[in-house]
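Q: My structure is stored as data32.pdb, with PDB, C-alpha atoms, pLDDT in the B column.
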ATOM      1  CA  MET A   1       3.843 -20.583 -12.318  1.00 34.00           C
ATOM      2  CA  ASN A   2       0.905 -19.847 -10.065  1.00 39.00           C
ATOM      3  CA  LYS A   3      -0.835 -16.516 -10.328  1.00 43.00           C
ATOM      4  CA  LYS A   4      -0.649 -14.456  -7.197  1.00 42.00           C
ATOM      5  CA  MET A   5      -1.852 -11.233  -5.688  1.00 42.00           C
ATOM      6  CA  VAL A   6       0.096  -8.078  -6.364  1.00 44.00           C
ATOM      7  CA  THR A   7       2.429  -8.404  -3.411  1.00 48.00           C
ATOM      8  CA  ILE A   8       4.549  -5.693  -1.876  1.00 48.00           C
ATOM      9  CA  ILE A   9       7.589  -6.793  -3.830  1.00 44.00           C
ATOM     10  CA  ALA A  10       5.510  -6.745  -7.001  1.00 49.00           C
ATOM     11  CA  ALA A  11       4.741  -3.127  -6.252  1.00 49.00           C
ATOM     12  CA  LEU A  12       8.396  -2.509  -5.569  1.00 43.00           C
ATOM     13  CA  ALA A  13       9.189  -3.965  -8.959  1.00 42.00           C
ATOM     14  CA  MET A  14       6.442  -1.762 -10.429  1.00 37.00           C
ATOM     15  CA  CYS A  15       4.411  -4.632 -11.847  1.00 33.00           C
ATOM     16  CA  THR A  16       1.475  -3.366 -13.891  1.00 31.00           C
ATOM     17  CA  ALA A  17      -0.483  -6.596 -14.298  1.00 29.00           C
ATOM     18  CA  MET A  18      -2.585  -8.270 -11.632  1.00 29.00           C
ATOM     19  CA  ALA A  19      -2.193 -11.837 -12.840  1.00 29.00           C
ATOM     20  CA  GLY A  20       1.162 -13.552 -12.718  1.00 31.00           C
ATOM     21  CA  CYS A  21       2.894 -10.764 -10.802  1.00 32.00           C
ATOM     22  CA  THR A  22       6.077 -12.033  -9.209  1.00 29.00           C
ATOM     23  CA  GLY A  23       9.131 -10.178  -8.122  1.00 29.00           C
ATOM     24  CA  SER A  24      12.731 -10.717  -7.153  1.00 27.00           C
ATOM     25  CA  TYR A  25      15.116  -8.128  -5.797  1.00 23.00           C
ATOM     26  CA  THR A  26      18.670  -8.340  -4.645  1.00 25.00           C
ATOM     27  CA  ALA A  27      19.812  -5.785  -2.120  1.00 26.00           C
ATOM     28  CA  SER A  28      22.991  -4.077  -3.232  1.00 27.00           C
ATOM     29  CA  SER A  29      23.544  -1.103  -0.972  1.00 28.00           C
ATOM     30  CA  SER A  30      24.024  -0.166   2.640  1.00 31.00           C
ATOM     31  CA  LYS A  31      21.338   1.043   5.015  1.00 33.00           C
ATOM     32  CA  ALA A  32      22.813   4.541   4.835  1.00 32.00           C
ATOM     33  CA  GLU A  33      22.382   4.627   1.072  1.00 32.00           C
ATOM     34  CA  THR A  34      18.794   3.457   1.384  1.00 33.00           C
ATOM     35  CA  THR A  35      17.971   6.148   3.913  1.00 36.00           C
ATOM     36  CA  THR A  36      19.486   8.832   1.711  1.00 34.00           C
ATOM     37  CA  THR A  37      17.671   7.836  -1.465  1.00 35.00           C
ATOM     38  CA  THR A  38      14.388   7.292   0.334  1.00 38.00           C
ATOM     39  CA  THR A  39      14.640  10.731   1.870  1.00 41.00           C
ATOM     40  CA  ALA A  40      15.168  12.244  -1.562  1.00 41.00           C
ATOM     41  CA  ALA A  41      12.203  10.344  -2.945  1.00 43.00           C
ATOM     42  CA  ALA A  42       9.791  11.392  -0.227  1.00 45.00           C
ATOM     43  CA  GLU A  43      10.954  14.990  -0.088  1.00 46.00           C
ATOM     44  CA  SER A  44      10.518  15.392  -3.833  1.00 43.00           C
ATOM     45  CA  ALA A  45       6.962  14.039  -3.912  1.00 44.00           C
ATOM     46  CA  ALA A  46       4.047  16.455  -3.652  1.00 40.00           C
ATOM     47  CA  PRO A  47       1.341  15.406  -1.140  1.00 39.00           C
ATOM     48  CA  ALA A  48      -2.144  14.456  -2.260  1.00 40.00           C
ATOM     49  CA  GLU A  49      -5.137  16.645  -1.606  1.00 39.00           C
ATOM     50  CA  SER A  50      -7.369  15.414   1.215  1.00 38.00           C
ATOM     51  CA  THR A  51     -10.345  13.430  -0.026  1.00 39.00           C
ATOM     52  CA  ALA A  52     -13.517  13.172   2.033  1.00 38.00           C
ATOM     53  CA  ASP A  53     -14.357   9.642   3.172  1.00 44.00           C
ATOM     54  CA  GLU A  54     -17.592   8.934   4.972  1.00 38.00           C
ATOM     55  CA  SER A  55     -15.848   6.135   6.861  1.00 40.00           C
ATOM     56  CA  THR A  56     -13.234   8.508   8.292  1.00 40.00           C
ATOM     57  CA  ALA A  57     -14.667  11.626   9.843  1.00 37.00           C
ATOM     58  CA  ASP A  58     -11.380  13.481  10.179  1.00 41.00           C
ATOM     59  CA  SER A  59     -10.527  13.092   6.495  1.00 37.00           C
ATOM     60  CA  THR A  60     -12.469  16.252   5.721  1.00 36.00           C
ATOM     61  CA  SER A  61     -10.034  18.334   7.757  1.00 39.00           C
ATOM     62  CA  THR A  62      -7.851  20.776   5.882  1.00 43.00           C
ATOM     63  CA  ASN A  63      -4.130  21.251   6.204  1.00 41.00           C
ATOM     64  CA  ALA A  64      -3.610  23.994   8.783  1.00 43.00           C
ATOM     65  CA  GLY A  65      -0.050  24.647   7.693  1.00 61.00           C
ATOM     66  CA  THR A  66       1.537  23.819  11.060  1.00 75.00           C
ATOM     67  CA  THR A  67       2.291  20.669  13.012  1.00 88.00           C
ATOM     68  CA  ASP A  68       3.249  19.808  16.588  1.00 93.00           C
ATOM     69  CA  TYR A  69       4.971  16.624  15.439  1.00 95.00           C
ATOM     70  CA  ASP A  70       8.340  16.011  17.110  1.00 95.00           C
ATOM     71  CA  VAL A  71      10.707  13.947  14.967  1.00 95.00           C
ATOM     72  CA  ASP A  72      12.639  13.002  18.125  1.00 94.00           C
ATOM     73  CA  GLY A  73       9.555  12.318  20.231  1.00 94.00           C
ATOM     74  CA  ASP A  74       7.727   9.096  21.055  1.00 95.00           C
ATOM     75  CA  PHE A  75       4.560   9.706  19.006  1.00 96.00           C
ATOM     76  CA  ARG A  76       4.423   8.016  15.608  1.00 97.00           C
ATOM     77  CA  ALA A  77       1.524   8.698  13.246  1.00 97.00           C
ATOM     78  CA  PHE A  78       1.945   5.237  11.727  1.00 97.00           C
ATOM     79  CA  GLU A  79       1.324   3.568  15.092  1.00 96.00           C
ATOM     80  CA  GLN A  80      -1.893   5.553  15.429  1.00 96.00           C
ATOM     81  CA  LEU A  81      -2.925   4.484  11.923  1.00 96.00           C
ATOM     82  CA  LYS A  82      -2.039   0.871  12.665  1.00 95.00           C
ATOM     83  CA  ASP A  83      -4.051   0.819  15.891  1.00 96.00           C
ATOM     84  CA  LYS A  84      -7.090   1.962  13.947  1.00 95.00           C
ATOM     85  CA  TYR A  85      -6.863  -0.041  10.727  1.00 95.00           C
ATOM     86  CA  ASP A  86      -4.382  -2.914  10.916  1.00 92.00           C
ATOM     87  CA  GLY A  87      -6.209  -6.117   9.931  1.00 91.00           C
ATOM     88  CA  ASN A  88      -9.426  -4.311   9.007  1.00 94.00           C
ATOM     89  CA  TYR A  89      -9.347  -1.674   6.295  1.00 96.00           C
ATOM     90  CA  LEU A  90     -10.427  -0.643   2.815  1.00 96.00           C
ATOM     91  CA  ALA A  91      -8.078   1.736   1.030  1.00 95.00           C
ATOM     92  CA  ASN A  92      -8.212   3.362  -2.390  1.00 95.00           C
ATOM     93  CA  LEU A  93      -4.873   4.476  -3.796  1.00 93.00           C
ATOM     94  CA  THR A  94      -3.721   6.166  -6.982  1.00 92.00           C
ATOM     95  CA  GLY A  95      -0.282   5.553  -8.427  1.00 87.00           C
ATOM     96  CA  GLN A  96       1.938   8.530  -9.169  1.00 80.00           C
ATOM     97  CA  MET A  97       5.181   9.135 -11.080  1.00 66.00           C
ATOM     98  CA  SER A  98       6.069   6.006 -13.099  1.00 61.00           C
ATOM     99  CA  ASN A  99       2.872   4.390 -11.844  1.00 64.00           C
ATOM    100  CA  ASN A 100       0.792   7.424 -12.761  1.00 70.00           C
ATOM    101  CA  GLY A 101      -2.986   7.018 -12.869  1.00 80.00           C
ATOM    102  CA  THR A 102      -3.133   3.366 -11.853  1.00 86.00           C
ATOM    103  CA  LYS A 103      -5.958   2.804  -9.360  1.00 91.00           C
ATOM    104  CA  TYR A 104      -5.623   0.345  -6.497  1.00 91.00           C
ATOM    105  CA  THR A 105      -8.223  -0.914  -4.057  1.00 93.00           C
ATOM    106  CA  ILE A 106      -7.095  -3.016  -1.108  1.00 93.00           C
ATOM    107  CA  CYS A 107      -9.418  -4.629   1.425  1.00 95.00           C
ATOM    108  CA  ILE A 108      -8.086  -6.675   4.344  1.00 94.00           C
ATOM    109  CA  LYS A 109     -10.030  -8.364   7.160  1.00 94.00           C
ATOM    110  CA  ASP A 110      -9.780 -11.519   9.274  1.00 90.00           C
ATOM    111  CA  GLY A 111      -7.203 -13.205   7.075  1.00 87.00           C
ATOM    112  CA  LYS A 112      -9.133 -12.398   3.904  1.00 91.00           C
ATOM    113  CA  ALA A 113      -8.070 -10.028   1.155  1.00 92.00           C
ATOM    114  CA  TYR A 114      -9.366  -8.268  -1.941  1.00 94.00           C
ATOM    115  CA  GLN A 115      -7.149  -6.368  -4.319  1.00 91.00           C
ATOM    116  CA  ALA A 116      -8.207  -4.560  -7.480  1.00 92.00           C
ATOM    117  CA  LEU A 117      -6.045  -2.876 -10.080  1.00 90.00           C
ATOM    118  CA  THR A 118      -7.350  -0.570 -12.793  1.00 91.00           C
ATOM    119  CA  VAL A 119      -4.998   0.447 -15.583  1.00 88.00           C
ATOM    120  CA  GLN A 120      -6.323   2.663 -18.392  1.00 86.00           C
ATOM    121  CA  GLY A 121      -9.873   1.674 -17.514  1.00 87.00           C
ATOM    122  CA  MET A 122      -9.139  -2.059 -17.507  1.00 91.00           C
ATOM    123  CA  LYS A 123      -9.887  -3.642 -14.139  1.00 93.00           C
ATOM    124  CA  SER A 124      -8.627  -6.917 -12.749  1.00 93.00           C
ATOM    125  CA  TYR A 125      -8.931  -8.151  -9.205  1.00 93.00           C
ATOM    126  CA  THR A 126      -7.955 -10.990  -6.920  1.00 92.00           C
ATOM    127  CA  VAL A 127      -9.926 -12.316  -3.968  1.00 94.00           C
ATOM    128  CA  CYS A 128      -8.612 -14.418  -1.108  1.00 92.00           C
ATOM    129  CA  PRO A 129     -11.893 -15.285   0.690  1.00 93.00           C
ATOM    130  CA  GLY A 130     -10.414 -17.699   3.204  1.00 91.00           C
ATOM    131  CA  ASP A 131     -11.616 -20.896   1.539  1.00 92.00           C
ATOM    132  CA  GLY A 132      -8.154 -22.083   0.538  1.00 91.00           C
ATOM    133  CA  LYS A 133      -8.458 -20.638  -2.953  1.00 92.00           C
ATOM    134  CA  LEU A 134      -7.262 -17.546  -4.760  1.00 91.00           C
ATOM    135  CA  TYR A 135      -9.601 -16.115  -7.417  1.00 94.00           C
ATOM    136  CA  ASN A 136      -8.032 -14.028 -10.204  1.00 93.00           C
ATOM    137  CA  VAL A 137     -10.578 -12.166 -12.321  1.00 95.00           C
ATOM    138  CA  SER A 138     -10.086  -9.938 -15.370  1.00 95.00           C
ATOM    139  CA  GLU A 139     -13.057  -7.787 -16.303  1.00 94.00           C
ATOM    140  CA  GLY A 140     -11.277  -6.682 -19.476  1.00 92.00           C
ATOM    141  CA  THR A 141     -10.975 -10.204 -20.894  1.00 94.00           C
ATOM    142  CA  THR A 142     -13.909 -11.646 -18.887  1.00 96.00           C
ATOM    143  CA  THR A 143     -11.716 -14.522 -17.783  1.00 97.00           C
ATOM    144  CA  TYR A 144     -10.755 -15.992 -14.437  1.00 96.00           C
ATOM    145  CA  SER A 145      -8.431 -18.515 -12.859  1.00 95.00           C
ATOM    146  CA  ILE A 146      -8.413 -20.241  -9.485  1.00 95.00           C
ATOM    147  CA  GLU A 147      -5.260 -21.148  -7.586  1.00 91.00           C
ATOM    148  CA  ASP A 148      -4.541 -22.752  -4.242  1.00 91.00           C
ATOM    149  CA  ASP A 149      -3.967 -20.351  -1.369  1.00 85.00           C
ATOM    150  CA  ASP A 150      -1.269 -21.308   1.121  1.00 80.00           C
ATOM    151  CA  GLY A 151      -2.915 -19.169   3.793  1.00 74.00           C
ATOM    152  CA  ASN A 152      -0.379 -16.373   3.602  1.00 73.00           C
ATOM    153  CA  GLN A 153      -1.440 -14.542   0.445  1.00 72.00           C
ATOM    154  CA  TRP A 154      -3.466 -11.994   2.372  1.00 75.00           C
ATOM    155  CA  LYS A 155      -0.368 -11.023   4.373  1.00 72.00           C
ATOM    156  CA  SER A 156       1.780 -10.295   1.335  1.00 72.00           C
ATOM    157  CA  ALA A 157      -1.105  -8.389  -0.244  1.00 78.00           C
ATOM    158  CA  ASP A 158      -1.304  -6.031   2.723  1.00 86.00           C
ATOM    159  CA  ILE A 159       0.784  -3.220   1.253  1.00 83.00           C
ATOM    160  CA  LEU A 160       0.080  -0.751   4.058  1.00 90.00           C
ATOM    161  CA  PHE A 161       0.963  -2.912   7.059  1.00 90.00           C
ATOM    162  CA  GLY A 162       2.077  -6.380   5.978  1.00 85.00           C
ATOM    163  CA  ALA A 163       5.818  -5.793   5.582  1.00 85.00           C
ATOM    164  CA  THR A 164       6.503  -2.809   7.824  1.00 91.00           C
ATOM    165  CA  LEU A 165       9.215  -3.350  10.400  1.00 92.00           C
ATOM    166  CA  ASP A 166      11.069  -0.931  12.650  1.00 94.00           C
ATOM    167  CA  PHE A 167      10.936   2.851  12.560  1.00 96.00           C
ATOM    168  CA  ASP A 168      14.013   4.454  10.993  1.00 95.00           C
ATOM    169  CA  HIS A 169      13.512   8.215  11.131  1.00 95.00           C
ATOM    170  CA  ALA A 170      11.053  11.025  10.440  1.00 96.00           C
ATOM    171  CA  TYR A 171      11.189  14.209   8.395  1.00 93.00           C
ATOM    172  CA  ILE A 172       8.841  17.207   8.240  1.00 96.00           C
ATOM    173  CA  ASP A 173       8.416  18.966   4.910  1.00 94.00           C
ATOM    174  CA  THR A 174       7.702  22.471   6.132  1.00 92.00           C
ATOM    175  CA  THR A 175       6.703  23.619   2.642  1.00 94.00           C
ATOM    176  CA  THR A 176       3.789  21.185   2.391  1.00 93.00           C
ATOM    177  CA  ASN A 177       3.327  20.435   6.118  1.00 95.00           C
ATOM    178  CA  VAL A 178       3.635  16.722   5.471  1.00 96.00           C
ATOM    179  CA  VAL A 179       5.214  14.446   8.060  1.00 97.00           C
ATOM    180  CA  HIS A 180       7.221  11.626   6.451  1.00 96.00           C
ATOM    181  CA  GLU A 181       7.885   8.552   8.584  1.00 97.00           C
ATOM    182  CA  TYR A 182      10.395   5.980   7.317  1.00 95.00           C
ATOM    183  CA  TYR A 183      10.199   2.286   8.150  1.00 95.00           C
ATOM    184  CA  ASN A 184      12.305  -0.657   7.048  1.00 93.00           C
ATOM    185  CA  LEU A 185      10.659  -3.441   5.082  1.00 88.00           C
ATOM    186  CA  ASP A 186      10.484  -7.066   6.178  1.00 84.00           C
ATOM    187  CA  SER A 187      12.224  -8.822   3.288  1.00 79.00           C
ATOM    188  CA  SER A 188      10.631 -12.158   4.230  1.00 74.00           C
ATOM    189  CA  VAL A 189       7.278 -10.647   3.260  1.00 72.00           C
ATOM    190  CA  SER A 190       8.220  -8.038   0.662  1.00 71.00           C
ATOM    191  CA  GLY A 191      10.761 -10.236  -1.097  1.00 71.00           C
ATOM    192  CA  GLY A 192      13.500  -7.612  -0.993  1.00 75.00           C
ATOM    193  CA  GLU A 193      15.175  -5.030   1.207  1.00 83.00           C
ATOM    194  CA  GLY A 194      14.002  -1.437   1.153  1.00 87.00           C
ATOM    195  CA  GLN A 195      11.937   1.148   2.955  1.00 90.00           C
ATOM    196  CA  ILE A 196       8.332   2.271   3.063  1.00 91.00           C
ATOM    197  CA  VAL A 197       7.613   5.952   3.678  1.00 93.00           C
ATOM    198  CA  TYR A 198       4.273   7.130   5.040  1.00 96.00           C
ATOM    199  CA  GLY A 199       3.281  10.742   4.406  1.00 96.00           C
ATOM    200  CA  PHE A 200       0.842  12.233   6.922  1.00 97.00           C
ATOM    201  CA  ASP A 201      -0.947  15.557   7.015  1.00 96.00           C
ATOM    202  CA  GLY A 202       0.924  17.514   9.663  1.00 96.00           C
ATOM    203  CA  ALA A 203      -2.260  18.989  11.132  1.00 95.00           C
ATOM    204  CA  THR A 204      -4.578  15.952  11.184  1.00 95.00           C
ATOM    205  CA  TYR A 205      -2.190  12.990  10.757  1.00 96.00           C
ATOM    206  CA  ASP A 206      -4.402  11.607   8.009  1.00 96.00           C
ATOM    207  CA  LEU A 207      -2.449   9.303   5.710  1.00 96.00           C
ATOM    208  CA  LYS A 208      -1.910  11.082   2.396  1.00 96.00           C
ATOM    209  CA  GLN A 209       0.870   9.226   0.617  1.00 94.00           C
ATOM    210  CA  VAL A 210       2.825   5.965   0.604  1.00 93.00           C
ATOM    211  CA  VAL A 211       6.219   5.560  -1.077  1.00 89.00           C
ATOM    212  CA  LEU A 212       7.909   2.192  -1.665  1.00 85.00           C
ATOM    213  CA  LEU A 213      11.619   2.193  -2.433  1.00 82.00           C
ATOM    214  CA  PRO A 214      13.821  -0.854  -3.085  1.00 80.00           C
ATOM    215  CA  GLU A 215      17.241  -0.714  -1.468  1.00 83.00           C
ATOM    216  CA  GLY A 216      20.051   0.582  -3.640  1.00 79.00           C
ATOM    217  CA  THR A 217      17.874   2.556  -6.053  1.00 71.00           C
ATOM    218  CA  ASP A 218      17.133   6.239  -6.443  1.00 70.00           C
ATOM    219  CA  GLU A 219      13.844   8.134  -6.445  1.00 68.00           C
ATOM    220  CA  SER A 220      13.203   7.333 -10.106  1.00 71.00           C
ATOM    221  CA  SER A 221      12.611   3.714  -9.082  1.00 73.00           C
ATOM    222  CA  ALA A 222      10.327   4.545  -6.173  1.00 80.00           C
ATOM    223  CA  VAL A 223       6.647   3.627  -6.336  1.00 83.00           C
ATOM    224  CA  TYR A 224       4.389   6.470  -5.202  1.00 87.00           C
ATOM    225  CA  PHE A 225       0.759   6.208  -4.118  1.00 90.00           C
ATOM    226  CA  THR A 226      -1.597   8.940  -3.020  1.00 93.00           C
ATOM    227  CA  VAL A 227      -4.290   7.839  -0.587  1.00 95.00           C
ATOM    228  CA  ASP A 228      -7.720   8.743  -1.932  1.00 95.00           C
ATOM    229  CA  SER A 229      -9.721   7.273   0.941  1.00 96.00           C
ATOM    230  CA  MET A 230      -9.410   4.868   3.832  1.00 95.00           C
ATOM    231  CA  GLY A 231     -11.977   3.242   6.087  1.00 96.00           C
ATOM    232  CA  GLU A 232     -13.115  -0.068   7.514  1.00 96.00           C
ATOM    233  CA  ALA A 233     -13.220  -3.210   5.380  1.00 96.00           C
ATOM    234  CA  ASP A 234     -16.200  -3.960   3.123  1.00 97.00           C
ATOM    235  CA  ASP A 235     -17.220  -7.591   3.716  1.00 96.00           C
ATOM    236  CA  SER A 236     -18.941  -7.822   0.331  1.00 97.00           C
ATOM    237  CA  LEU A 237     -15.566  -7.540  -1.417  1.00 96.00           C
ATOM    238  CA  LEU A 238     -14.182 -10.507   0.510  1.00 96.00           C
ATOM    239  CA  ALA A 239     -16.747 -13.085  -0.610  1.00 96.00           C
ATOM    240  CA  VAL A 240     -16.200 -15.703  -3.317  1.00 95.00           C
ATOM    241  CA  PRO A 241     -16.825 -13.782  -6.567  1.00 95.00           C
ATOM    242  CA  ASP A 242     -19.680 -14.567  -8.929  1.00 96.00           C
ATOM    243  CA  LEU A 243     -17.943 -16.033 -11.975  1.00 96.00           C
ATOM    244  CA  SER A 244     -21.028 -16.965 -13.976  1.00 96.00           C
ATOM    245  CA  ALA A 245     -20.299 -14.355 -16.669  1.00 95.00           C
ATOM    246  CA  TYR A 246     -16.596 -15.237 -16.968  1.00 96.00           C
ATOM    247  CA  THR A 247     -14.635 -17.894 -18.837  1.00 96.00           C
ATOM    248  CA  LYS A 248     -12.068 -20.014 -17.041  1.00 96.00           C
ATOM    249  CA  GLU A 249      -8.538 -19.718 -18.403  1.00 91.00           C
TER     250      GLU A 249
END
Once more with this new file: its structure as structure tokens, please.

A:
Amino acid sequence: MNKKMVTIIAALAMCTAMAGCTGSYTASSSKAETTTTTTAAAESAAPAESTADESTADSTSTNAGTTDYDVDGDFRAFEQLKDKYDGNYLANLTGQMSNNGTKYTICIKDGKAYQALTVQGMKSYTVCPGDGKLYNVSEGTTTYSIEDDDGNQWKSADILFGATLDFDHAYIDTTTNVVHEYYNLDSSVSGGEGQIVYGFDGATYDLKQVVLLPEGTDESSAVYFTVDSMGEADDSLLAVPDLSAYTKE
């Protein structure tokens, strides 16, 4: 079995290891059930505090406590986010709930991808530099492996945009002033049916939280991420890694 990036479905399955992460999921409920459980998951999750990011000037804004967002209107905060960052971004996320404390770094640009996962201080990362190879590196064991890249790994690694399909509905949490937008997942990319929920600051529309929920499950199976920072891609992360200090598996 080839080692692969932590794909969206791997996140849905709550994989906790970078190398060898695969996932399979069989949808077992109706769209109505998915919408209901996703709503419960997003409404029960507390939003993250805004974190300053030098790459995003508006990330220093504070929550004003009100929003002019219209759930029945044409404006979608996700579309604004996508226009700015789709295909070129660097995001740092922190897992919450069952994924608590796990740190993720995702960098996507020009068909290249970098993804790092830090669990209890142990970091592993995968680089897809566009040379037809996939480099899996473990700093904890100082080992690495190289696999063939079929040219689509960067797409499935793009957790924020890679599998998002049509808009389903929106909800405003008036207690926290967080706007939750719900989108259906593309099962051909994610590997299973479900929804992705984006939580935006109601005053600034900064992305604060992402929730992944497989179809037919409740909020206890959802994967929560708070967004620590987001900006443009860092080209240095997308280069072939220096493996001189590592041992090949």

Q: Please provide the set of residues having any atom within 10 Å of Gln120 of chain A, restricted to only C-alpha atoms, with same-chain residues fewer than 6 positions apart removed, written as a count of residues only.

A: 3

Q: What's the separation between atom CA of Gly191 of chain A and atom CA of Asp150 of chain A, in Å to one decimal place?

A: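 Going from atom CA of Gly191 of chain A over to atom CA of Asp150 of chain A covers 16.5 Å.
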
Q: Mind pulling up the distance from atom CA of Gln153 of chain A to atom CA of Ala113 of chain A?

A: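 Separation between atom CA of Ala113 of chain A and atom CA of Gln153 of chain A: 8.1 Å.
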
Q: Mind telling me what the PyMOL selection byres ((chain A and resi 210) around 10) catches here, as a ChimeraX atom specification?

A: /A:42,47,93,95,159-160,180-181,196-200,207-209,211-212,223-227

Q: The selected residues should be written to file as a compact mmCIF listing (two decimals), keeping the file's coordinate frame (atoms: C-alpha atoms).

A:
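Output file out_3.txt follows:
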# COMPACT_ATOMS: atom_id res chain seq x y z
CA ALA A 42 9.79 11.39 -0.23
CA PRO A 47 1.34 15.41 -1.14
CA LEU A 93 -4.87 4.48 -3.80
CA GLY A 95 -0.28 5.55 -8.43
CA ILE A 159 0.78 -3.22 1.25
CA LEU A 160 0.08 -0.75 4.06
CA HIS A 180 7.22 11.63 6.45
CA GLU A 181 7.88 8.55 8.58
CA ILE A 196 8.33 2.27 3.06
CA VAL A 197 7.61 5.95 3.68
CA TYR A 198 4.27 7.13 5.04
CA GLY A 199 3.28 10.74 4.41
CA PHE A 200 0.84 12.23 6.92
CA LEU A 207 -2.45 9.30 5.71
CA LYS A 208 -1.91 11.08 2.40
CA GLN A 209 0.87 9.23 0.62
CA VAL A 211 6.22 5.56 -1.08
CA LEU A 212 7.91 2.19 -1.66
CA VAL A 223 6.65 3.63 -6.34
CA TYR A 224 4.39 6.47 -5.20
CA PHE A 225 0.76 6.21 -4.12
CA THR A 226 -1.60 8.94 -3.02
CA VAL A 227 -4.29 7.84 -0.59

Q: Using all atoms listed in the file, determine which residues lie at most 8 Å from Gly130 of chain A, disregarding the query and same-chain residues fewer than 3 positions distant; provide the list as a list of chain:residue names.

A: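 My reading of the contact set: A:Gly111, A:Lys112, A:Lys133, A:Gly151.
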
Q: For atom CA of Thr204 of chain A and atom CA of Ser220 of chain A, determine how far apart the two atoms are, in Å to one decimal place.

A: 29.0 Å

Q: Can you turn the PyMOL selection byres ((chain A and resi 66) around 10) into a concrete residue list for this file, as a PDB file with C-alpha atoms, keeping the file's coordinate frame?

A:
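After the write, expr00.pdb holds the following:
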ATOM      1  CA  ASN A  63      -4.130  21.251   6.204  1.00 41.00           C
ATOM      2  CA  ALA A  64      -3.610  23.994   8.783  1.00 43.00           C
ATOM      3  CA  GLY A  65      -0.050  24.647   7.693  1.00 61.00           C
ATOM      4  CA  THR A  67       2.291  20.669  13.012  1.00 88.00           C
ATOM      5  CA  ASP A  68       3.249  19.808  16.588  1.00 93.00           C
ATOM      6  CA  TYR A  69       4.971  16.624  15.439  1.00 95.00           C
ATOM      7  CA  THR A 174       7.702  22.471   6.132  1.00 92.00           C
ATOM      8  CA  THR A 175       6.703  23.619   2.642  1.00 94.00           C
ATOM      9  CA  THR A 176       3.789  21.185   2.391  1.00 93.00           C
ATOM     10  CA  ASN A 177       3.327  20.435   6.118  1.00 95.00           C
ATOM     11  CA  VAL A 178       3.635  16.722   5.471  1.00 96.00           C
ATOM     12  CA  ASP A 201      -0.947  15.557   7.015  1.00 96.00           C
ATOM     13  CA  GLY A 202       0.924  17.514   9.663  1.00 96.00           C
ATOM     14  CA  ALA A 203      -2.260  18.989  11.132  1.00 95.00           C
ATOM     15  CA  THR A 204      -4.578  15.952  11.184  1.00 95.00           C
TER      16      THR A 204
END

Q: Residues within 12 Å of (-6.7, 3.4, 13.7), file coordinates, counting all atoms listed in the file: what are they? Give the list as a list in words.

A: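 Taken together, the residues in range are Ser55, Thr56, Asp58, Ala77, Phe78, Glu79, Gln80, Leu81, Lys82, Asp83, Lys84, Tyr85, Asp86, Gly87, Asn88, Tyr89, Phe161, Tyr205, Asp206, Leu207, Met230, Gly231 and Glu232 of chain A.
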
Q: Written as a PyMOL selection string, what is the full residue list that the PyMOL selection byres ((chain A and resi 127) around 7) yields on the file shown?

A: chain A and resi 113-115+125-126+128-129+134-136+238

Q: Which one of A:Lys155, A:Phe75, A:Val189, A:Gln96 sits closest to Asp110 of chain A if you count all atoms listed in the file?

A: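 Under the stated criterion, the closest residue is A:Lys155.
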
Q: Write out as a short mmCIF file (atom, residue, chain, number, x, y, z; two decimals) with C-alpha atoms, in the coordinates of the input the residues lying within 7 Å of Pro214 of chain A, counting only C-alpha atoms and excluding same-chain residues fewer than 3 positions away.

A:
data_model
loop_
_atom_site.label_atom_id
_atom_site.label_comp_id
_atom_site.auth_asym_id
_atom_site.auth_seq_id
_atom_site.Cartn_x
_atom_site.Cartn_y
_atom_site.Cartn_z
CA LEU A 12 8.40 -2.51 -5.57
CA GLU A 193 15.18 -5.03 1.21
CA GLY A 194 14.00 -1.44 1.15
CA GLN A 195 11.94 1.15 2.96
CA THR A 217 17.87 2.56 -6.05
#

Q: Please identify all polymer residues lying at most 8 Å from the point (-9.0, -21.4, -19.8) (file coordinates), using all atoms listed in the file, and present the result as a PDB file with C-alpha atoms, in the frame of the given file.

A:
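selection_20.pdb, freshly written:
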ATOM      1  CA  THR A 143     -11.716 -14.522 -17.783  1.00 97.00           C
ATOM      2  CA  TYR A 144     -10.755 -15.992 -14.437  1.00 96.00           C
ATOM      3  CA  SER A 145      -8.431 -18.515 -12.859  1.00 95.00           C
ATOM      4  CA  THR A 247     -14.635 -17.894 -18.837  1.00 96.00           C
ATOM      5  CA  LYS A 248     -12.068 -20.014 -17.041  1.00 96.00           C
ATOM      6  CA  GLU A 249      -8.538 -19.718 -18.403  1.00 91.00           C
TER       7      GLU A 249
END
